[in-house]
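J.: After the structure tokens below, expect a handful of questions from me.
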Amino acid sequence: MDTLFNSVCSSGGFCDALGVWLAALLTILVFTYLIRDTFLFRIASSLLVGTAIGFVSAVVIRNVLYPLVIALVDDIFALPGSWLAVVIDLLPIVLGVSLLMKLTPNFRGTTFSNIGLAYLFGIGAALAIGGALSGLLVPQLTATMISVAPQGDSLDWLNGLLIVIGTLGAFLAFRFIQPGDRPWQRVYDTITKGWGTLGRGFIMVAFGALLASLISARVSALVGQLYFLLHDWLNLI
Amino acid sequence: MEQPRINIGVLLRRQLIPVGIALGVGLIVLIGQFISNSTLDSIVGVLVSWGAIVGAFALLLGLANLGMFHAGRILKRDAQMPFSILIVASALVVFLLVLPSGGAGAASQWVMRYLYQPLEASFLALLVFFIGSAVYRALRIRTWEMALFAISAIVVLVGSVPFMAVVSPLIPAAKEWVVNVPALAGVRGILLGVALGIIATGLRLLTGIDRPYSH
Amino acid sequence: MIYCPQCGTANKPNSKFCKNCAALLAPSTDVRCPICGTMNPSGAPTCANCGTRLSTTSAAVSDRTTPADTPENITPFTPPELPQAENEDESAPPASPAASRPLFNRSSSEWLRRVQKTPPPEAPASNAVAASAAALVAAASGTDATNLTAPQSLAQAPARVEEEDVPDWLREIQNKADRQAAAQSAAESVALAQDSVPAPKKPQLSEIKLTGDDYDYSDIGGEVTDEMKAQLEAQAGGVQTMDDEIALARKLLGLDVDEAPAAATEPQAPPLVPLAASVVAARTLSGEEPRAEIETPAAETGAMAVEEPPQAPAAQMASPDAIQPISSETTLAPDKDGISLAGAIAGAVAVGAAAAKLTDKEDDVTAGELIEPQATAPAEVTLVTSDETRASVPAEATNETSAAGAIMITEGTESAAPTLETGEVPEWLREMAPEQEASATLPSADEDELPQWVQELAPAGAALGTVAYLSELPELDQAERDELPEWLREPVAPMSEAATEPGSGDQAESQTPPVELPSWFSDPAVTGPTKDPFEVVEMTGPLAGISGILPLALAITEPHMLATPTPARSEGGRVFQSLLAEPLASAARVETADKRKGLFTVNHLLYLLILLAALVPLFFGLEQAGLGLNAATSGTALFYDELESVPANGNALLAFEYTPGGAVELDAAARAIVNDLAARRVNVIALASNPNGATLAQNILQRTREEFPEFTFVNVGYIPGNEAGLRALASGWLSAGRQDVNGVAWGSTPLAGAVRNMDELALTVLIAGDDAALRAWMEQVEPRVSSPIIAATSAQLEPQARNYVNADQLQASLRGLTGAAELELLSNQTGPAVKTMDAFSVVSLVVAGIIIVANVMLLARRKK
């Protein structure tokens, strides 16, 4: 296919020009949504979905399944010495095929797919726990504690203190515990509620920063597409 | 009262085996993350590599389900049939173009550069307009929390503009302070909560309390 | 809950398979509580939630497939029966135990609802007749419960309301009826005990349901013995409709012996409403035994013929127990309530006729003649059948009459429907006191017998009463019409402006003659000096010439304003008051405003503003592109330093973790990074954990190679499995047999020998477009790798990336398009990032301005 494509489309030639026009047309189709949800917009969204499906499935099949099957076939041909390799190659295929049985309407088929699902869930849960502990919880807590340690000038120390207060406050903002009746429990509850309220403020600041960052990212996409239309397509700039 | 008969075979197939697999594999991998042992590491490595392959099958499962859904709409001659035809047809064409090279060939790059990328980028660019109208309608300062939210967004947005540094160096400095101190604290608190939630959910899965993979 | 038959596990109600053993589940056997809807196990006596007693017949519910299919067994509400001790005669035999048992049921409720729905007649005559009939019913139904089934006894409810108005003479009648009914019931019970067909006795029907309808024969006045029951059930197979059922019952009861030939001689009788035409039984107002004449629709509907002769005498026309209040219009329904109703109407008509007759003439009057006058007051006895035809009490007296009080009710017929049997006036009629209220406004059929004052009003008779009252004359044949007074022969055409009666004008066919009121009506000497506050003389309609009439049009069209403001007890009341005080708003204005809005909204204005903010700087950019960019003071400098720290011929790993949508923002950064590394001859290993990244990477790497031919790179391609794949990569690196995008095995590449694990990498550059990829690398790869990791992220990931930088998980981060532009400046490259920086800045400022303007406007509105 690539050879055929290369023979038809030479570099920087007709295919690229056609591609530019196609890309410009698709961009304009998407922007018609600013007027209203039109038939043209639906065409563009359908094309996006279809392209994504075809692209991802082709990459997965070509880069994952195809080598796997080739390796299994090679190991089978190398039997009996490679029985362990055959088992190692075959088992993930069996587990993966069991997942695909979810598509069958047969109840027994869907029951068999539970095996593949169970394997995925087990692996995923274990990796998630390990990653959350070692990659998120420990480093972040360590950094929070280090922030309190005076380093640099007093402004850095103050910023560090603010970070600690804000981090713990953001944590306490999600506290939903009924207060006790004893005096010290009431005092404790008052302190944690107040701190949680302060933490909610820090969370709102974080959300504002996230919103601004999101706007920046999308503005970059808008400007990039308009630049493509004006520069690559219309050559106006 | 007569005790109900328990079908051991059914129970084994539908409950015990999947739970056993999830628990067994999960515990081995979890222990392997904290204990350094060559044998254990090799077993964990094999199990995790299998998990990667099964994950690829899961991706295919999602794609196949989507394809079946649209194929069903075509067969039923649904009102949305034309769009489903377009989806299936474009998927087939792109699949045939990309499959031979696996994504690195000229055809794959042409599809990516002139078809896939403009479409997805345009959809993301469209969001700017809707965010603009959304902030006009919804971002109204009525409480102190909304005030903090709005002020933080304005400061970061204005501070991200490069030539505001020419207007006043305090503007980018304020933006840097907001991002590096209060926003960082809030994000860190959220991340810590997310981490604890991940640990709790993972433990529920590994102890069999939650069994989403069985009936 | 559904309990698994195999393991006993409780499953959700709609489950099909057991959640424990996956066995197929049987349909739910639970019983739904009719009050609170809680599902209870079958066999439970009471509801576990509300304590309601569960019906023992709920076993049938378990036959349903799901509990949702189970019909709710809702028992009707049974209000207790009020005692009527003050009205009973002490000498009267004690009521049977059944009398004290509330006997409401659904059918009677339906009858009651029908009665309550119909508007009461406005004419005094109809009111009087209705009141007397209602009183009769009240008196009758409240005493004799043995002859009544539930429908009849329900009449106690409305009757109770009118009990206060029952005159003494009516109470005496009621007491006599009670005594007779009690005696009758006692006799009948003896007859039943003997288990023989009591030929001379008056049979009473028990409940027999042949066709499944809740039809009760008790109001027919017949009793079905066991033998008759057997006959009914044996012949139930041939019963198709209600008419058949009733016809069968009547024949078995011997009620149709006299009437069968009579019914057959009426070929022209139109098809009768199942109820109205089939069975009409009216209990007489006395305790005598008039023979009830019940016409069957055998001729028209083809009711089945009953072979066996009736073994019971004619149905007993019992006391006025079954007479129920009537109203001006009553819709007949093919059930026993209608029968009772018809009977009640007949009885009421008879009452009215008798009352009128006794006032003027106490001689014997045929029942038919009695009926005829009543036919002239159709509002009282007009029956609107289910097919919206009107039935009336026949006005013509014929020989085909039955016992007094039993009246044939047909649709508007041309045939002479049989009326009351010619005979003496029953005692109960004679005992009726002078009925001033009943007779005062009842004109008789015979014109000669009309009171003088009515005859004087003849031309203007149409003006009396309501228009619809007179316009709803029943359909009468010529003979009947001839017997009507002249002023009543044609229905009055409903007035267009003054029509207030519902359904008026259905039968108005002829024009109303001009109404001439007597002179005394408008004579000021009679009416006195008029001081009409309105000073309006009506010009049209039956009230033409009369002054002081409230203009109907104004009364309707004027909005009703509150004369005196009521104290507002709540905020809602104050709001309601203010709403009423406001003038009516014109609706036309709203429509035009909506139409104008559709073309161009505020949203479109915002969209245009943002588009212009992006386009204008692209066309008219600043002289110095990227003004204000200062890589030295931002985090880009740290990133650049980390890039520069990679030695020449070193190996760097580039992870392209973004989608084609993020390529617009991150391609510039990726290109700048790759160009910088290629310029310093750093070897690059590219991979991606998402399927699209490998193609994006290949595109950039190939273009860089075109610019730097000595550039060495290996595109490993797609790493499947997300976290699992990254974990495997961090712990095991790449296997030797793993192929790159060009099909070359990793072990065969020149970099395989130099990089055997991730720790041997000089730098790992993560180009991340979404939070999941960034977090996956930080969780799965960073804890296991000692080589430095830097990240070029989308602008939306800047807060997270700063967090990781602060926690030393990342050595540096590059922020989106701004960072790419700064990197281009630092590395002396020319790319699109710097060129688009101005447009990026203006759009960002516009969006910030929108937020500020919106809140300023909000503040300004608040101050107003």
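So you can find residues: chains in the structure tokens are A, B, ... in the order shown, residues in each start at 1, and ligands are numbered from 1 in order.
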Within 10 Å of stretch 53-70 of chain B, which residues of stretch 722-784 of chain C show up? Give each one with its shortest atom-to-atom distance in Å (one decimal) and the two atoms involved, counting only C-alpha atoms, rows by chain then rising residue number, as a Markdown table.
T.:
| residue | atom | partner | partner_atom | distance |
| --- | --- | --- | --- | --- |
| C:Asn722 | CA | B:Gly55 | CA | 7.7 |
| C:Glu723 | CA | B:Gly55 | CA | 9.6 |
| C:Ala724 | CA | B:Gly55 | CA | 8.2 |
| C:Gly725 | CA | B:Ile53 | CA | 8.4 |
J.: May I ask you to extract the residues of chain C within 8 Å of chain A, using only C-alpha atoms, and to give them as a ChimeraX atom specification?
T.: /C:604,607,614-615,618-619,661-662,664-665,691-692,717-718,720,723-724,741,778-780,782-783,794-799,806-809,816-817,836,839-840,843-844
J.: Using the selection just defined, write its residues with N, CA and C atoms as a CSV table (one decimal), in the first residue's frame.
T.:
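Listing of selection00.csv after writing:
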chain,number,residue,atom,x,y,z
C,604,HIS,N,-23.4,34.6,19.3
C,604,HIS,CA,-22.7,34.9,18.0
C,604,HIS,C,-21.8,36.1,18.1
C,607,TYR,N,-18.7,34.9,19.6
C,607,TYR,CA,-17.9,34.1,18.7
C,607,TYR,C,-17.2,35.0,17.7
C,614,ALA,N,-8.5,36.5,16.9
C,614,ALA,CA,-7.4,35.6,16.4
C,614,ALA,C,-7.0,35.9,15.0
C,615,LEU,N,-7.9,36.5,14.2
C,615,LEU,CA,-7.5,36.7,12.8
C,615,LEU,C,-6.7,38.0,12.6
C,618,LEU,N,-3.0,37.8,13.2
C,618,LEU,CA,-2.3,37.0,12.2
C,618,LEU,C,-2.1,37.8,10.9
C,619,PHE,N,-3.0,38.7,10.6
C,619,PHE,CA,-2.8,39.6,9.5
C,619,PHE,C,-1.9,40.8,9.8
C,661,GLY,N,-5.0,15.9,17.9
C,661,GLY,CA,-5.6,17.2,18.3
C,661,GLY,C,-4.6,18.0,19.0
C,662,GLY,N,-3.7,17.4,19.8
C,662,GLY,CA,-2.7,18.2,20.5
C,662,GLY,C,-1.5,18.5,19.7
C,664,VAL,N,-1.2,20.3,17.2
C,664,VAL,CA,-1.1,21.7,16.8
C,664,VAL,C,-0.3,22.5,17.8
C,665,GLU,N,-0.4,22.1,19.1
C,665,GLU,CA,0.3,22.8,20.1
C,665,GLU,C,1.6,22.2,20.4
C,691,PRO,N,-1.7,4.8,20.3
C,691,PRO,CA,-1.5,4.3,18.9
C,691,PRO,C,-1.1,5.4,18.0
C,692,ASN,N,-1.5,6.7,18.3
C,692,ASN,CA,-1.3,7.8,17.3
C,692,ASN,C,0.1,8.4,17.5
C,717,GLY,N,7.8,2.6,18.2
C,717,GLY,CA,6.4,2.5,17.9
C,717,GLY,C,5.5,2.4,19.1
C,718,TYR,N,4.4,1.7,19.0
C,718,TYR,CA,3.3,1.7,20.0
C,718,TYR,C,3.6,0.7,21.1
C,720,PRO,N,1.9,-1.2,23.9
C,720,PRO,CA,0.5,-1.4,24.3
C,720,PRO,C,0.4,-1.6,25.8
C,723,GLU,N,-0.5,1.5,31.5
C,723,GLU,CA,0.3,1.4,32.7
C,723,GLU,C,1.1,0.1,32.7
C,724,ALA,N,0.5,-0.9,32.3
C,724,ALA,CA,1.2,-2.2,32.3
C,724,ALA,C,2.4,-2.2,31.3
C,741,VAL,N,8.9,0.5,13.9
C,741,VAL,CA,7.9,0.8,12.9
C,741,VAL,C,8.3,0.3,11.5
C,778,MET,N,4.6,9.2,35.6
C,778,MET,CA,5.1,9.6,36.9
C,778,MET,C,4.9,8.5,37.9
C,779,GLU,N,3.9,7.7,37.7
C,779,GLU,CA,3.6,6.6,38.7
C,779,GLU,C,4.3,5.3,38.3
C,780,GLN,N,4.4,5.0,37.1
C,780,GLN,CA,5.0,3.7,36.7
C,780,GLN,C,6.5,3.7,36.3
C,782,GLU,N,8.8,6.8,36.6
C,782,GLU,CA,9.7,7.6,37.3
C,782,GLU,C,10.2,7.0,38.6
C,783,PRO,N,9.4,6.2,39.4
C,783,PRO,CA,9.9,5.6,40.6
C,783,PRO,C,11.0,4.5,40.3
C,794,SER,N,1.2,20.2,27.3
C,794,SER,CA,0.2,21.1,26.8
C,794,SER,C,0.0,22.2,27.9
C,795,ALA,N,-0.5,23.3,27.5
C,795,ALA,CA,-0.7,24.4,28.5
C,795,ALA,C,-1.7,24.0,29.6
C,796,GLN,N,-2.6,23.1,29.3
C,796,GLN,CA,-3.6,22.7,30.3
C,796,GLN,C,-3.0,21.8,31.4
C,797,LEU,N,-1.8,21.3,31.2
C,797,LEU,CA,-1.1,20.5,32.2
C,797,LEU,C,-0.1,21.2,33.0
C,798,GLU,N,-0.1,22.5,32.8
C,798,GLU,CA,1.0,23.3,33.5
C,798,GLU,C,0.9,23.2,35.0
C,799,PRO,N,-0.3,23.3,35.7
C,799,PRO,CA,-0.3,23.1,37.1
C,799,PRO,C,0.2,21.8,37.6
C,806,ASN,N,8.0,20.6,41.4
C,806,ASN,CA,8.2,20.9,42.8
C,806,ASN,C,8.5,19.7,43.6
C,807,ALA,N,8.0,18.6,43.2
C,807,ALA,CA,8.2,17.3,44.0
C,807,ALA,C,9.5,16.6,43.5
C,808,ASP,N,10.2,17.2,42.5
C,808,ASP,CA,11.4,16.6,42.0
C,808,ASP,C,11.2,15.4,41.2
C,809,GLN,N,10.0,15.1,40.8
C,809,GLN,CA,9.7,14.0,39.9
C,809,GLN,C,10.1,14.4,38.5
C,816,GLY,N,3.3,24.4,26.8
C,816,GLY,CA,2.6,24.6,25.6
C,816,GLY,C,3.2,25.4,24.5
C,817,LEU,N,2.4,26.2,23.9
C,817,LEU,CA,2.9,27.0,22.7
C,817,LEU,C,3.8,28.1,23.1
C,836,THR,N,2.7,32.8,15.8
C,836,THR,CA,1.3,32.7,16.2
C,836,THR,C,1.2,33.3,17.7
C,839,ALA,N,-1.3,36.4,18.1
C,839,ALA,CA,-2.7,36.0,18.0
C,839,ALA,C,-3.1,35.3,19.3
C,840,PHE,N,-2.2,34.4,19.8
C,840,PHE,CA,-2.5,33.7,21.0
C,840,PHE,C,-2.7,34.7,22.2
C,843,VAL,N,-6.1,36.7,21.8
C,843,VAL,CA,-7.3,35.9,22.2
C,843,VAL,C,-7.4,35.6,23.7
C,844,SER,N,-6.3,35.4,24.3
C,844,SER,CA,-6.2,35.1,25.7
C,844,SER,C,-6.7,36.4,26.5
J.: Would you mind writing down, as a list of chain:residue names, each residue of stretch 145-182 of chain A that DSSP on the backbone assigns to helix (DSSP H, G or I)?
T.: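 Of stretch 145-182 of chain A, only A:Met145, A:Ile146, A:Ser147, A:Val148, A:Ser154, A:Leu155, A:Asp156, A:Trp157, A:Leu158, A:Asn159, A:Gly160, A:Leu161, A:Leu162, A:Ile163, A:Val164, A:Ile165, A:Gly166, A:Thr167, A:Leu168, A:Gly169, A:Ala170, A:Phe171, A:Leu172 fall in helix (DSSP H, G or I).
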J.: For the selection just defined, write its residues with C-alpha atoms to a file, as a PDB file, in the first residue's frame.
T.:
ATOM      1  CA  MET A 145       7.095  18.235  54.281  1.00  0.00           C
ATOM      2  CA  ILE A 146      10.237  19.624  52.706  1.00  0.00           C
ATOM      3  CA  SER A 147       8.399  22.840  51.894  1.00  0.00           C
ATOM      4  CA  VAL A 148       8.210  23.657  55.552  1.00  0.00           C
ATOM      5  CA  SER A 154      12.038  34.077  54.058  1.00  0.00           C
ATOM      6  CA  LEU A 155       9.761  34.497  51.085  1.00  0.00           C
ATOM      7  CA  ASP A 156      10.456  30.962  49.969  1.00  0.00           C
ATOM      8  CA  TRP A 157       9.830  29.778  53.497  1.00  0.00           C
ATOM      9  CA  LEU A 158       6.536  31.617  53.571  1.00  0.00           C
ATOM     10  CA  ASN A 159       5.572  30.168  50.232  1.00  0.00           C
ATOM     11  CA  GLY A 160       6.461  26.734  51.518  1.00  0.00           C
ATOM     12  CA  LEU A 161       4.336  27.263  54.582  1.00  0.00           C
ATOM     13  CA  LEU A 162       1.486  28.382  52.424  1.00  0.00           C
ATOM     14  CA  ILE A 163       1.865  25.283  50.313  1.00  0.00           C
ATOM     15  CA  VAL A 164       1.674  23.090  53.408  1.00  0.00           C
ATOM     16  CA  ILE A 165      -1.337  24.912  54.787  1.00  0.00           C
ATOM     17  CA  GLY A 166      -3.042  24.821  51.421  1.00  0.00           C
ATOM     18  CA  THR A 167      -2.291  21.155  50.818  1.00  0.00           C
ATOM     19  CA  LEU A 168      -3.620  20.038  54.176  1.00  0.00           C
ATOM     20  CA  GLY A 169      -6.558  22.403  53.871  1.00  0.00           C
ATOM     21  CA  ALA A 170      -7.430  20.999  50.474  1.00  0.00           C
ATOM     22  CA  PHE A 171      -7.270  17.565  52.020  1.00  0.00           C
ATOM     23  CA  LEU A 172      -9.531  18.551  54.910  1.00  0.00           C
TER      24      LEU A 172
END
J.: Any idea what's packed within 6 Å of stretch 81-90 of chain B, counting only C-alpha atoms, ignoring anything in its chain fewer than 4 positions away? Could you give it as a list of chain:residue names?
T.: A:Ser46, A:Leu47, A:Gly50, A:Thr51, B:His70, B:Arg73, B:Ile74, B:Arg77
J.: Looking at A:Arg186, A:Arg42, A:Arg36, A:Arg175, which one is nearest to chain B, with distances taken over only C-alpha atoms?
T.: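 Once distances to chain B are computed over only C-alpha atoms, the minimum belongs to A:Arg42.
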J.: Separation of atom CA of C:Leu751 and atom CA of C:Ala678, in Å?
T.: 15.2 Å
J.: With distances taken over only C-alpha atoms, which residue among B:Leu30, B:Ala107, B:Val44, B:Leu11 lies nearest chain C?
T.: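 Looking at the shortest contact to chain C, the residue is B:Leu11.
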J.: Tell me, counting only C-alpha atoms, for each residue of stretch 665-750 of chain C within 12 Å of stretch 36-41 of chain B, which pair of atoms is nearest and how far apart they are in Å to one decimal, in rows ordered by chain and increasing number, as CSV.
T.:
residue,atom,partner,partner_atom,distance
C:Arg727,CA,B:Asp41,CA,11.9
C:Ala728,CA,B:Asp41,CA,10.7
C:Ser731,CA,B:Asp41,CA,8.8
C:Gly732,CA,B:Asp41,CA,9.6
J.: Extract, using only C-alpha atoms, all DNA, RNA and protein residues at most 9 Å from stretch 683-690 of chain C, discarding same-chain residues fewer than 6 positions from it, and format them as number ranges by chain.
T.: A: 56; C: 648-659, 674, 677, 697-698, 701, 711-723, 725-726, 751, 773
J.: Next, the residues of the selection above should be written as a short mmCIF file (atom, residue, chain, number, x, y, z; two decimals), in the first residue's frame with N, CA and C atoms.
T.:
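In the end it all went to part.cif:
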data_model
loop_
_atom_site.label_atom_id
_atom_site.label_comp_id
_atom_site.auth_asym_id
_atom_site.auth_seq_id
_atom_site.Cartn_x
_atom_site.Cartn_y
_atom_site.Cartn_z
N VAL A 56 -6.61 3.44 14.76
CA VAL A 56 -6.20 2.75 15.99
C VAL A 56 -6.25 1.24 15.81
N ALA C 648 26.88 15.02 23.38
CA ALA C 648 26.82 14.62 21.97
C ALA C 648 26.97 13.12 21.89
N ASN C 649 26.30 12.54 20.91
CA ASN C 649 26.25 11.10 20.73
C ASN C 649 25.61 10.39 21.91
N GLY C 650 24.95 11.12 22.74
CA GLY C 650 24.23 10.50 23.84
C GLY C 650 22.91 9.94 23.34
N ASN C 651 22.22 9.29 24.24
CA ASN C 651 20.95 8.65 23.87
C ASN C 651 19.84 9.24 24.71
N ALA C 652 18.83 9.66 24.02
CA ALA C 652 17.68 10.26 24.70
C ALA C 652 16.41 9.53 24.26
N LEU C 653 15.55 9.39 25.19
CA LEU C 653 14.26 8.75 24.91
C LEU C 653 13.21 9.84 24.78
N LEU C 654 12.47 9.81 23.67
CA LEU C 654 11.39 10.76 23.45
C LEU C 654 10.06 10.00 23.44
N ALA C 655 9.20 10.38 24.36
CA ALA C 655 7.88 9.74 24.43
C ALA C 655 6.85 10.71 23.87
N PHE C 656 6.24 10.35 22.74
CA PHE C 656 5.25 11.21 22.08
C PHE C 656 3.85 10.81 22.60
N GLU C 657 3.48 11.39 23.74
CA GLU C 657 2.23 11.01 24.41
C GLU C 657 1.13 12.04 24.16
N TYR C 658 0.88 12.33 22.91
CA TYR C 658 -0.22 13.25 22.61
C TYR C 658 -0.93 12.76 21.35
N THR C 659 -2.14 13.26 21.21
CA THR C 659 -3.01 12.84 20.13
C THR C 659 -2.90 13.84 18.97
N VAL C 674 13.49 18.03 18.97
CA VAL C 674 14.19 17.09 18.10
C VAL C 674 15.26 17.82 17.29
N LEU C 677 18.21 18.42 19.51
CA LEU C 677 18.98 17.20 19.78
C LEU C 677 19.72 16.74 18.52
N ALA C 697 5.36 10.84 15.77
CA ALA C 697 6.81 10.84 15.98
C ALA C 697 7.54 10.58 14.67
N GLN C 698 7.03 9.64 13.91
CA GLN C 698 7.69 9.31 12.65
C GLN C 698 7.70 10.52 11.72
N LEU C 701 10.37 13.00 13.08
CA LEU C 701 11.74 12.47 12.99
C LEU C 701 12.20 12.42 11.54
N PHE C 711 21.38 12.47 11.61
CA PHE C 711 20.54 12.24 12.77
C PHE C 711 20.14 10.77 12.83
N THR C 712 20.33 10.15 13.98
CA THR C 712 20.04 8.73 14.19
C THR C 712 18.87 8.59 15.15
N PHE C 713 17.92 7.86 14.72
CA PHE C 713 16.79 7.65 15.62
C PHE C 713 16.21 6.27 15.36
N VAL C 714 15.49 5.73 16.34
CA VAL C 714 14.75 4.48 16.24
C VAL C 714 13.35 4.75 16.77
N ASN C 715 12.41 4.52 15.90
CA ASN C 715 11.01 4.68 16.32
C ASN C 715 10.48 3.32 16.73
N VAL C 716 10.47 3.08 18.03
CA VAL C 716 10.03 1.77 18.55
C VAL C 716 8.55 1.56 18.28
N GLY C 717 7.80 2.62 18.23
CA GLY C 717 6.38 2.47 17.89
C GLY C 717 5.49 2.44 19.12
N TYR C 718 4.40 1.74 18.98
CA TYR C 718 3.34 1.72 19.98
C TYR C 718 3.64 0.70 21.07
N ILE C 719 3.62 1.16 22.35
CA ILE C 719 3.78 0.30 23.52
C ILE C 719 2.38 0.03 24.05
N PRO C 720 1.87 -1.17 23.90
CA PRO C 720 0.48 -1.41 24.32
C PRO C 720 0.38 -1.55 25.83
N GLY C 721 -0.83 -1.39 26.33
CA GLY C 721 -1.12 -1.72 27.73
C GLY C 721 -1.13 -0.56 28.69
N ASN C 722 -0.91 0.65 28.23
CA ASN C 722 -0.90 1.83 29.11
C ASN C 722 0.01 1.63 30.31
N GLU C 723 -0.55 1.54 31.52
CA GLU C 723 0.29 1.42 32.71
C GLU C 723 1.10 0.13 32.70
N GLY C 725 2.14 -1.58 30.13
CA GLY C 725 3.21 -1.48 29.16
C GLY C 725 4.35 -0.60 29.65
N LEU C 726 4.03 0.51 30.28
CA LEU C 726 5.07 1.40 30.81
C LEU C 726 5.81 0.73 31.95
N LEU C 751 21.39 1.24 18.33
CA LEU C 751 21.25 1.76 19.69
C LEU C 751 21.01 0.67 20.72
N ALA C 773 -1.58 10.35 30.62
CA ALA C 773 -0.24 9.91 30.20
C ALA C 773 0.82 10.45 31.15
#
J.: Can you tell me, as number ranges by chain, what residues are no more than 8 Å from C:Glu824 when counting only C-alpha atoms, ignoring any on the same chain fewer than 4 positions away?
T.: C: 672, 820, 828-831, 833-834
J.: Choose the residue, out of A:Asp153, A:Asp189, A:Asp232, A:Asp75, that has the smallest atom-to-atom separation from chain B; count only C-alpha atoms.
T.: A:Asp232
J.: Just to confirm, what's the straight-line distance from atom CA of B:Ala195 to atom CA of A:Leu95 in Å (one decimal)?
T.: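 Distance between the two atoms: 29.0 Å.
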J.: Can you list, as a PDB file with C-alpha atoms, in the first residue's frame, every protein, DNA or RNA residue that comes within 9 Å of A:Ala173 when you count only C-alpha atoms, leaving out same-chain residues fewer than 6 positions away?
T.:
ATOM      1  CA  THR A 192     -10.754  21.140  60.857  1.00  0.00           C
ATOM      2  CA  LYS A 193     -13.871  22.771  59.420  1.00  0.00           C
ATOM      3  CA  TRP A 195      -9.069  24.708  57.844  1.00  0.00           C
ATOM      4  CA  GLY A 196     -11.172  22.846  55.324  1.00  0.00           C
ATOM      5  CA  THR A 197     -12.886  26.077  54.347  1.00  0.00           C
ATOM      6  CA  LEU A 198      -9.512  27.665  53.793  1.00  0.00           C
ATOM      7  CA  GLY A 199      -8.486  24.621  51.787  1.00  0.00           C
ATOM      8  CA  ARG A 200     -11.558  25.070  49.651  1.00  0.00           C
ATOM      9  CA  ILE A 203      -8.867  24.441  45.568  1.00  0.00           C
TER      10      ILE A 203
END
